[in-house]
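**Q** Structure: target_17.tsv, TSV, C-alpha atoms.
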```tsv
chain	number	residue	atom	x	y	z
V	1	MET	CA	69.07	4.19	0.51
V	2	SER	CA	66.10	2.48	-1.16
V	3	ARG	CA	62.54	3.31	-0.13
V	4	ARG	CA	62.06	-0.24	1.18
V	5	SER	CA	65.17	-0.12	3.40
V	6	GLY	CA	64.16	3.33	4.62
V	7	ILE	CA	60.78	2.00	5.75
V	8	LEU	CA	62.46	-0.92	7.53
V	9	GLU	CA	64.89	1.37	9.36
V	10	PHE	CA	61.99	3.58	10.45
V	11	ALA	CA	60.05	0.60	11.80
V	12	VAL	CA	63.07	-0.84	13.63
V	13	LEU	CA	63.79	2.49	15.32
V	14	GLY	CA	60.14	2.80	16.32
V	15	LEU	CA	59.98	-0.66	17.86
V	16	LEU	CA	63.25	-0.21	19.73
V	17	ARG	CA	61.97	3.07	21.13
V	18	GLU	CA	59.44	0.94	23.03
V	19	ALA	CA	62.06	-1.44	24.46
V	20	PRO	CA	65.45	-3.02	23.63
V	21	MET	CA	65.14	-6.30	21.69
V	22	HIS	CA	67.31	-8.92	20.08
V	23	GLY	CA	67.08	-9.76	16.40
V	24	TYR	CA	64.60	-12.61	16.70
V	25	GLU	CA	62.22	-10.49	18.78
V	26	LEU	CA	62.47	-7.66	16.27
V	27	ARG	CA	61.75	-9.92	13.34
V	28	LYS	CA	58.76	-11.42	15.11
V	29	ARG	CA	57.33	-7.99	15.92
V	30	LEU	CA	57.86	-6.81	12.35
V	31	ASN	CA	56.18	-9.94	10.97
V	32	THR	CA	53.22	-10.07	13.33
V	33	SER	CA	52.57	-6.45	14.28
V	34	LEU	CA	53.55	-4.57	11.12
V	35	GLY	CA	51.80	-6.38	8.30
V	36	VAL	CA	53.85	-4.63	5.62
V	37	PHE	CA	56.85	-6.72	6.72
V	38	ARG	CA	55.13	-10.12	6.68
V	39	ALA	CA	57.62	-11.65	4.26
V	40	PHE	CA	61.20	-10.68	4.94
V	41	SER	CA	64.21	-12.49	6.35
V	42	TYR	CA	67.10	-12.15	8.75
V	43	GLY	CA	69.18	-11.48	5.65
V	44	THR	CA	67.24	-8.24	5.29
V	45	LEU	CA	67.04	-7.29	8.96
V	46	TYR	CA	70.64	-7.71	10.06
V	47	PRO	CA	72.24	-5.44	7.43
V	48	CYS	CA	69.68	-2.84	8.49
V	49	LEU	CA	70.66	-3.24	12.15
V	50	LYS	CA	74.37	-2.98	11.30
V	51	THR	CA	73.71	0.24	9.38
V	52	LEU	CA	71.80	1.73	12.30
V	53	VAL	CA	74.62	0.78	14.68
V	54	ALA	CA	77.20	2.32	12.34
V	55	ASN	CA	75.16	5.54	12.23
V	56	GLY	CA	75.18	5.72	16.02
V	57	TRP	CA	71.42	5.26	16.33
V	58	LEU	CA	71.63	1.84	18.00
V	59	ILE	CA	74.09	0.09	20.28
V	60	GLU	CA	74.67	-3.64	20.65
V	61	GLU	CA	74.66	-5.23	24.09
V	62	SER	CA	75.10	-8.81	25.24
V	63	GLY	CA	71.73	-10.27	26.16
V	64	GLY	CA	70.82	-12.91	28.71
V	65	THR	CA	72.32	-13.57	32.12
V	66	PRO	CA	76.04	-13.52	32.95
V	67	GLU	CA	75.84	-17.31	33.20
V	68	ASP	CA	74.50	-17.50	29.65
V	69	ALA	CA	77.35	-15.33	28.39
V	70	ALA	CA	79.93	-17.48	30.18
V	71	ALA	CA	78.41	-20.69	28.83
V	72	ALA	CA	78.25	-19.49	25.21
V	73	PRO	CA	81.89	-20.39	24.32
V	74	LEU	CA	81.42	-23.86	25.83
V	75	THR	CA	78.22	-24.61	23.95
V	76	GLY	CA	79.44	-23.14	20.69
V	77	ARG	CA	76.46	-20.82	20.54
V	78	ARG	CA	76.78	-17.07	20.27
V	79	ALA	CA	75.38	-14.96	23.09
V	80	LYS	CA	72.28	-13.07	22.00
V	81	ILE	CA	72.85	-9.48	20.95
V	82	VAL	CA	70.32	-6.97	22.23
V	83	TYR	CA	69.81	-3.75	20.28
V	84	ARG	CA	69.12	-0.56	22.21
V	85	LEU	CA	68.13	2.86	20.87
V	86	THR	CA	70.63	5.64	21.61
V	87	ALA	CA	69.75	9.24	22.39
V	88	GLU	CA	70.79	10.11	18.83
V	89	GLY	CA	68.59	7.31	17.52
V	90	LYS	CA	65.59	8.59	19.45
V	91	GLU	CA	66.17	12.09	18.12
V	92	HIS	CA	66.46	10.76	14.57
V	93	PHE	CA	63.26	8.74	14.91
V	94	GLU	CA	61.38	11.77	16.21
V	95	GLU	CA	62.63	13.72	13.21
V	96	LEU	CA	61.32	10.99	10.90
V	97	LEU	CA	57.97	11.03	12.72
V	98	SER	CA	57.59	14.73	12.00
V	99	GLN	CA	57.99	14.34	8.23
V	100	THR	CA	54.85	14.66	6.13
V	101	GLY	CA	56.23	14.58	2.59
V	102	PRO	CA	54.81	12.52	-0.29
V	103	ASP	CA	56.60	9.33	0.81
V	104	ALA	CA	54.40	9.28	3.93
V	105	TYR	CA	51.33	8.77	1.72
V	106	GLU	CA	52.59	5.81	-0.32
V	107	ASP	CA	51.16	2.35	0.35
V	108	GLU	CA	53.97	0.68	2.31
V	109	HIS	CA	55.32	3.78	4.02
V	110	PHE	CA	51.86	4.92	5.09
V	111	ALA	CA	51.21	1.57	6.77
V	112	ALA	CA	54.46	1.84	8.76
V	113	ARG	CA	53.76	5.49	9.63
V	114	PHE	CA	50.26	4.65	10.82
V	115	ALA	CA	51.62	1.93	13.12
V	116	PHE	CA	53.41	4.65	15.09
V	117	PHE	CA	50.66	7.26	15.12
V	118	GLY	CA	50.44	6.81	18.88
V	119	GLN	CA	53.87	8.45	19.07
V	120	THR	CA	53.03	11.15	16.50
V	121	SER	CA	51.67	14.62	17.18
V	122	ARG	CA	48.09	15.35	16.16
V	123	ASP	CA	48.96	17.98	13.55
V	124	VAL	CA	51.36	15.58	11.83
V	125	ARG	CA	48.79	12.79	11.93
V	126	MET	CA	46.28	15.09	10.25
V	127	ARG	CA	48.67	16.08	7.46
V	128	VAL	CA	49.58	12.45	6.77
V	129	LEU	CA	45.95	11.28	6.79
V	130	GLU	CA	44.82	14.12	4.53
V	131	GLY	CA	47.74	13.52	2.19
V	132	ARG	CA	46.90	9.83	1.99
V	133	ARG	CA	43.25	10.58	1.29
V	134	SER	CA	44.15	13.04	-1.45
V	135	ARG	CA	46.49	10.49	-3.05
V	136	LEU	CA	43.79	7.79	-3.00
V	137	GLU	CA	41.13	10.12	-4.39
V	138	GLU	CA	43.43	10.86	-7.33
V	139	ARG	CA	44.00	7.14	-7.81
V	140	LEU	CA	40.29	6.44	-7.64
V	141	GLU	CA	39.50	9.06	-10.29
V	142	LYS	CA	42.10	7.56	-12.64
V	143	MET	CA	40.64	4.10	-12.09
V	144	ARG	CA	37.15	5.33	-12.91
V	145	VAL	CA	38.31	7.05	-16.09
V	146	SER	CA	40.24	3.96	-17.17
V	147	LEU	CA	37.27	1.68	-16.50
V	148	THR	CA	34.95	3.92	-18.52
V	149	ARG	CA	37.34	3.87	-21.49
V	150	THR	CA	38.04	0.15	-21.47
V	151	ARG	CA	34.76	-1.33	-20.21
V	152	GLU	CA	33.63	-2.53	-23.63
V	153	ARG	CA	36.93	-4.33	-24.30
V	154	LEU	CA	37.10	-6.22	-21.01
V	155	ASP	CA	35.75	-9.68	-20.32
V	156	ASP	CA	33.52	-10.15	-17.29
V	157	TYR	CA	36.29	-11.43	-14.99
V	158	THR	CA	38.73	-8.64	-15.76
V	159	LEU	CA	35.93	-6.13	-15.32
V	160	GLU	CA	35.04	-7.62	-11.95
V	161	LEU	CA	38.68	-7.48	-10.86
V	162	GLN	CA	38.86	-3.79	-11.69
V	163	ARG	CA	35.63	-3.14	-9.80
V	164	HIS	CA	37.06	-4.98	-6.81
V	165	GLY	CA	40.15	-2.76	-6.89
V	166	MET	CA	38.00	0.37	-6.99
V	167	GLU	CA	35.89	-0.84	-4.08
V	168	SER	CA	39.03	-1.46	-2.03
V	169	VAL	CA	40.22	2.10	-2.61
V	170	GLU	CA	36.76	3.48	-1.84
V	171	ARG	CA	36.71	1.57	1.47
V	172	GLU	CA	40.05	3.04	2.47
V	173	VAL	CA	38.89	6.55	1.60
V	174	ARG	CA	35.85	6.07	3.85
V	175	TRP	CA	38.12	4.77	6.62
V	176	LEU	CA	40.39	7.79	6.25
V	177	ASN	CA	37.40	10.12	6.37
V	178	GLU	CA	36.38	8.61	9.70
V	179	LEU	CA	39.90	8.95	11.11
V	180	ILE	CA	40.21	12.55	9.95
V	181	GLU	CA	36.84	13.40	11.47
V	182	SER	CA	37.94	11.84	14.77
V	183	GLU	CA	41.17	13.84	14.75
V	184	ARG	CA	39.31	17.08	14.02
V	185	ALA	CA	36.87	16.37	16.83
V	186	GLY	CA	39.75	15.83	19.23
V	187	ARG	CA	38.98	12.15	19.78
V	188	ASP	CA	42.31	10.49	20.52
V	189	LEU	CA	42.86	7.01	19.11
V	190	LYS	CA	46.14	6.39	20.91
V	191	GLY	CA	44.52	3.82	23.18
V	192	PRO	CA	45.23	3.02	26.85
V	193	ALA	CA	47.43	4.96	29.20
V	194	HIS	CA	51.19	4.58	29.25
V	195	GLY	CA	52.27	1.23	30.66
V	196	GLU	CA	49.12	-0.64	29.60
V	197	PRO	CA	48.98	-3.02	26.63
V	198	ALA	CA	48.26	-1.42	23.28
V	199	ARG	CA	44.78	-2.08	21.99
V	200	ASP	CA	44.11	-4.18	18.90
V	201	THR	CA	43.68	-2.05	15.77
V	202	THR	CA	42.90	-4.92	13.38
V	203	GLU	CA	41.84	-8.51	13.13
V	204	GLY	CA	45.45	-9.64	13.49
V	205	ALA	CA	47.99	-9.68	16.28
V	206	PRO	CA	48.01	-7.11	19.09
V	207	GLY	CA	49.25	-3.77	17.82
V	208	ALA	CA	48.80	-4.89	14.22
V	209	LEU	CA	48.19	-2.42	11.44
V	210	PRO	CA	44.79	-1.78	9.98
V	211	ARG	CA	44.58	-3.23	6.50
V	212	PRO	CA	42.57	-0.71	4.49
V	213	GLY	CA	40.72	-2.34	1.65
V	214	ASP	CA	41.57	-5.83	2.94
V	215	ALA	CA	44.38	-6.06	0.42
V	216	PRO	CA	45.59	-9.66	0.12
V	217	GLY	CA	48.91	-10.43	1.74
V	218	THR	CA	51.21	-13.38	2.06
V	219	ASP	CA	51.84	-14.57	5.57
V	220	ALA	CA	55.44	-15.14	6.46
V	221	PRO	CA	56.52	-18.70	7.23
V	222	GLY	CA	56.76	-19.67	10.87
V	223	ASP	CA	59.55	-17.98	12.76
V	224	THR	CA	62.42	-20.09	13.91
V	225	ALA	CA	65.18	-18.99	16.23
V	226	THR	CA	68.75	-19.05	15.04
```
Represent the structure from my file as structure tokens, please.
**A**
Amino acid sequence: MSRRSGILEFAVLGLLREAPMHGYELRKRLNTSLGVFRAFSYGTLYPCLKTLVANGWLIEESGGTPEDAAAAPLTGRRAKIVYRLTAEGKEHFEELLSQTGPDAYEDEHFAARFAFFGQTSRDVRMRVLEGRRSRLEERLEKMRVSLTRTRERLDDYTLELQRHGMESVEREVRWLNELIESERAGRDLKGPAHGEPARDTTEGAPGALPRPGDAPGTDAPGDTAT
């Protein structure tokens, strides 16, 4: 399994732990709430769903009312399939949540992991945050060394681009420092009580991921139902 598909499976399981959804709802949530998945298609999502069903982590159910299901053959449209997390799927997702290996610190995987911090234990959150900070501090040091060595050979625009990249990493390190300090002080960032809407964590849609460093992204084209 590729790293990208592994991240997608993790995110799908996490969203379905909140509530059963059909494919269009899942894609919309992935696009609008989890910024790392802004540009991906049904052609990516549905093979992932089929794999999760085959593994016994999801089940497929007919969505809509009984009248909708009865009318589907007459209209030529397929009844919507709703995907529901199984007990095995919930157990597997909780196992994934507990992992704190190096993959949890990488750019895309960290963003997906952070989106589900509200379902993650405090000690695991701390290990992931500290691992991410350590990884970025190493990256920042390499960037500084590289800039020192190549400064004289760079034109002004390339130099400014490298400075911008360093500033983005520095901003994320500061953000991580604040989060780690909050966790150590016992200040819980999980938001409102169970049953209430999740609070906004960024400038984007409700439940959206923070975007450390304001890295540029490409918005997905408008969703259309199929």
**Q** If we count all atoms listed in the file, what is near range 139-143 of chain V at a cut-off of 9 Å, once residues fewer than 5 positions away on the same chain are taken out, given as a PyMOL selection string?
**A** chain V and resi 134+148+162+165-166+169-170
**Q** Output C-alpha atoms for every residue in that selection, as a short mmCIF file (atom, residue, chain, number, x, y, z; two decimals), keeping the file's coordinate frame.
**A**
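File produced: out_7.cif:
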```cif
data_model
loop_
_atom_site.label_atom_id
_atom_site.label_comp_id
_atom_site.auth_asym_id
_atom_site.auth_seq_id
_atom_site.Cartn_x
_atom_site.Cartn_y
_atom_site.Cartn_z
CA SER V 134 44.15 13.04 -1.45
CA THR V 148 34.95 3.92 -18.52
CA GLN V 162 38.86 -3.79 -11.69
CA GLY V 165 40.15 -2.76 -6.89
CA MET V 166 38.00 0.37 -6.99
CA VAL V 169 40.22 2.10 -2.61
CA GLU V 170 36.76 3.48 -1.84
#
```
**Q** Give me, please, the distance in Å between CA of Leu45 in chain V and CA of Ala11 in chain V, quoted to one decimal.
**A**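 Result for CA of Leu45 in chain V versus CA of Ala11 in chain V: 10.9 Å, one decimal.
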**Q** Tell me, as a ChimeraX atom specification, which residues lie within 8 Å of range 171-180 of chain V, counting all atoms listed in the file; anything in the same chain fewer than 4 positions away does not count.
**A** /V:126,129-130,133,136-137,167,184,212-213
**Q** Counting all atoms listed in the file, what is within 8 Å of Gly56 in chain V, bar same-chain residues fewer than 6 positions away, as a PDB file with C-alpha atoms, keeping the file's coordinate frame?
**A**
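Written file, result.pdb:
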```pdb
ATOM      1  CA  THR V  86      70.630   5.640  21.610  1.00  0.00           C
ATOM      2  CA  GLU V  88      70.790  10.110  18.830  1.00  0.00           C
ATOM      3  CA  GLY V  89      68.590   7.310  17.520  1.00  0.00           C
TER       4      GLY V  89
END
```
**Q** What gap, in Å, lies between CA of Glu18 in chain V and CA of Ala185 in chain V?
**A**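 Taking CA of Glu18 in chain V and CA of Ala185 in chain V, their separation equals 28.0 Å.
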**Q** Quick one: residues within 12 Å of Leu96 in chain V, all atoms listed in the file counted, chain neighbours fewer than 3 positions away excluded, as number ranges by chain?
**A** V: 6-7, 9-11, 13-14, 89-93, 99-101, 103-104, 109, 112-113, 116, 119-120, 124
**Q** Keeping only C-alpha atoms, write the selected residues as a PDB file, keeping the file's coordinate frame.
**A**
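What landed in part_27.pdb:
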```pdb
ATOM      1  CA  GLY V   6      64.160   3.330   4.620  1.00  0.00           C
ATOM      2  CA  ILE V   7      60.780   2.000   5.750  1.00  0.00           C
ATOM      3  CA  GLU V   9      64.890   1.370   9.360  1.00  0.00           C
ATOM      4  CA  PHE V  10      61.990   3.580  10.450  1.00  0.00           C
ATOM      5  CA  ALA V  11      60.050   0.600  11.800  1.00  0.00           C
ATOM      6  CA  LEU V  13      63.790   2.490  15.320  1.00  0.00           C
ATOM      7  CA  GLY V  14      60.140   2.800  16.320  1.00  0.00           C
ATOM      8  CA  GLY V  89      68.590   7.310  17.520  1.00  0.00           C
ATOM      9  CA  LYS V  90      65.590   8.590  19.450  1.00  0.00           C
ATOM     10  CA  GLU V  91      66.170  12.090  18.120  1.00  0.00           C
ATOM     11  CA  HIS V  92      66.460  10.760  14.570  1.00  0.00           C
ATOM     12  CA  PHE V  93      63.260   8.740  14.910  1.00  0.00           C
ATOM     13  CA  GLN V  99      57.990  14.340   8.230  1.00  0.00           C
ATOM     14  CA  THR V 100      54.850  14.660   6.130  1.00  0.00           C
ATOM     15  CA  GLY V 101      56.230  14.580   2.590  1.00  0.00           C
ATOM     16  CA  ASP V 103      56.600   9.330   0.810  1.00  0.00           C
ATOM     17  CA  ALA V 104      54.400   9.280   3.930  1.00  0.00           C
ATOM     18  CA  HIS V 109      55.320   3.780   4.020  1.00  0.00           C
ATOM     19  CA  ALA V 112      54.460   1.840   8.760  1.00  0.00           C
ATOM     20  CA  ARG V 113      53.760   5.490   9.630  1.00  0.00           C
ATOM     21  CA  PHE V 116      53.410   4.650  15.090  1.00  0.00           C
ATOM     22  CA  GLN V 119      53.870   8.450  19.070  1.00  0.00           C
ATOM     23  CA  THR V 120      53.030  11.150  16.500  1.00  0.00           C
ATOM     24  CA  VAL V 124      51.360  15.580  11.830  1.00  0.00           C
TER      25      VAL V 124
END
```
**Q** Just want the 9 Å neighbourhood of Phe37 in chain V, counted on only C-alpha atoms, with same-chain residues fewer than 4 positions away dropped. Output as a ChimeraX atom specification.
**A** /V:8,27,30-33,220
**Q** As an exercise, work out the distance from CA of Trp57 in chain V to CA of Arg127 in chain V in Å and give it to one decimal place.
**A**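 For CA of Trp57 in chain V relative to CA of Arg127 in chain V, the distance reads 26.7 Å.
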**Q** Out of V:Arg135, V:Arg122, V:Arg163, V:Arg17, which residue has the shortest atom-to-atom distance to Leu85 in chain V when counting all atoms listed in the file?
**A**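 Looking only at the distances to Leu85 in chain V, the closest residue turns out to be V:Arg17.
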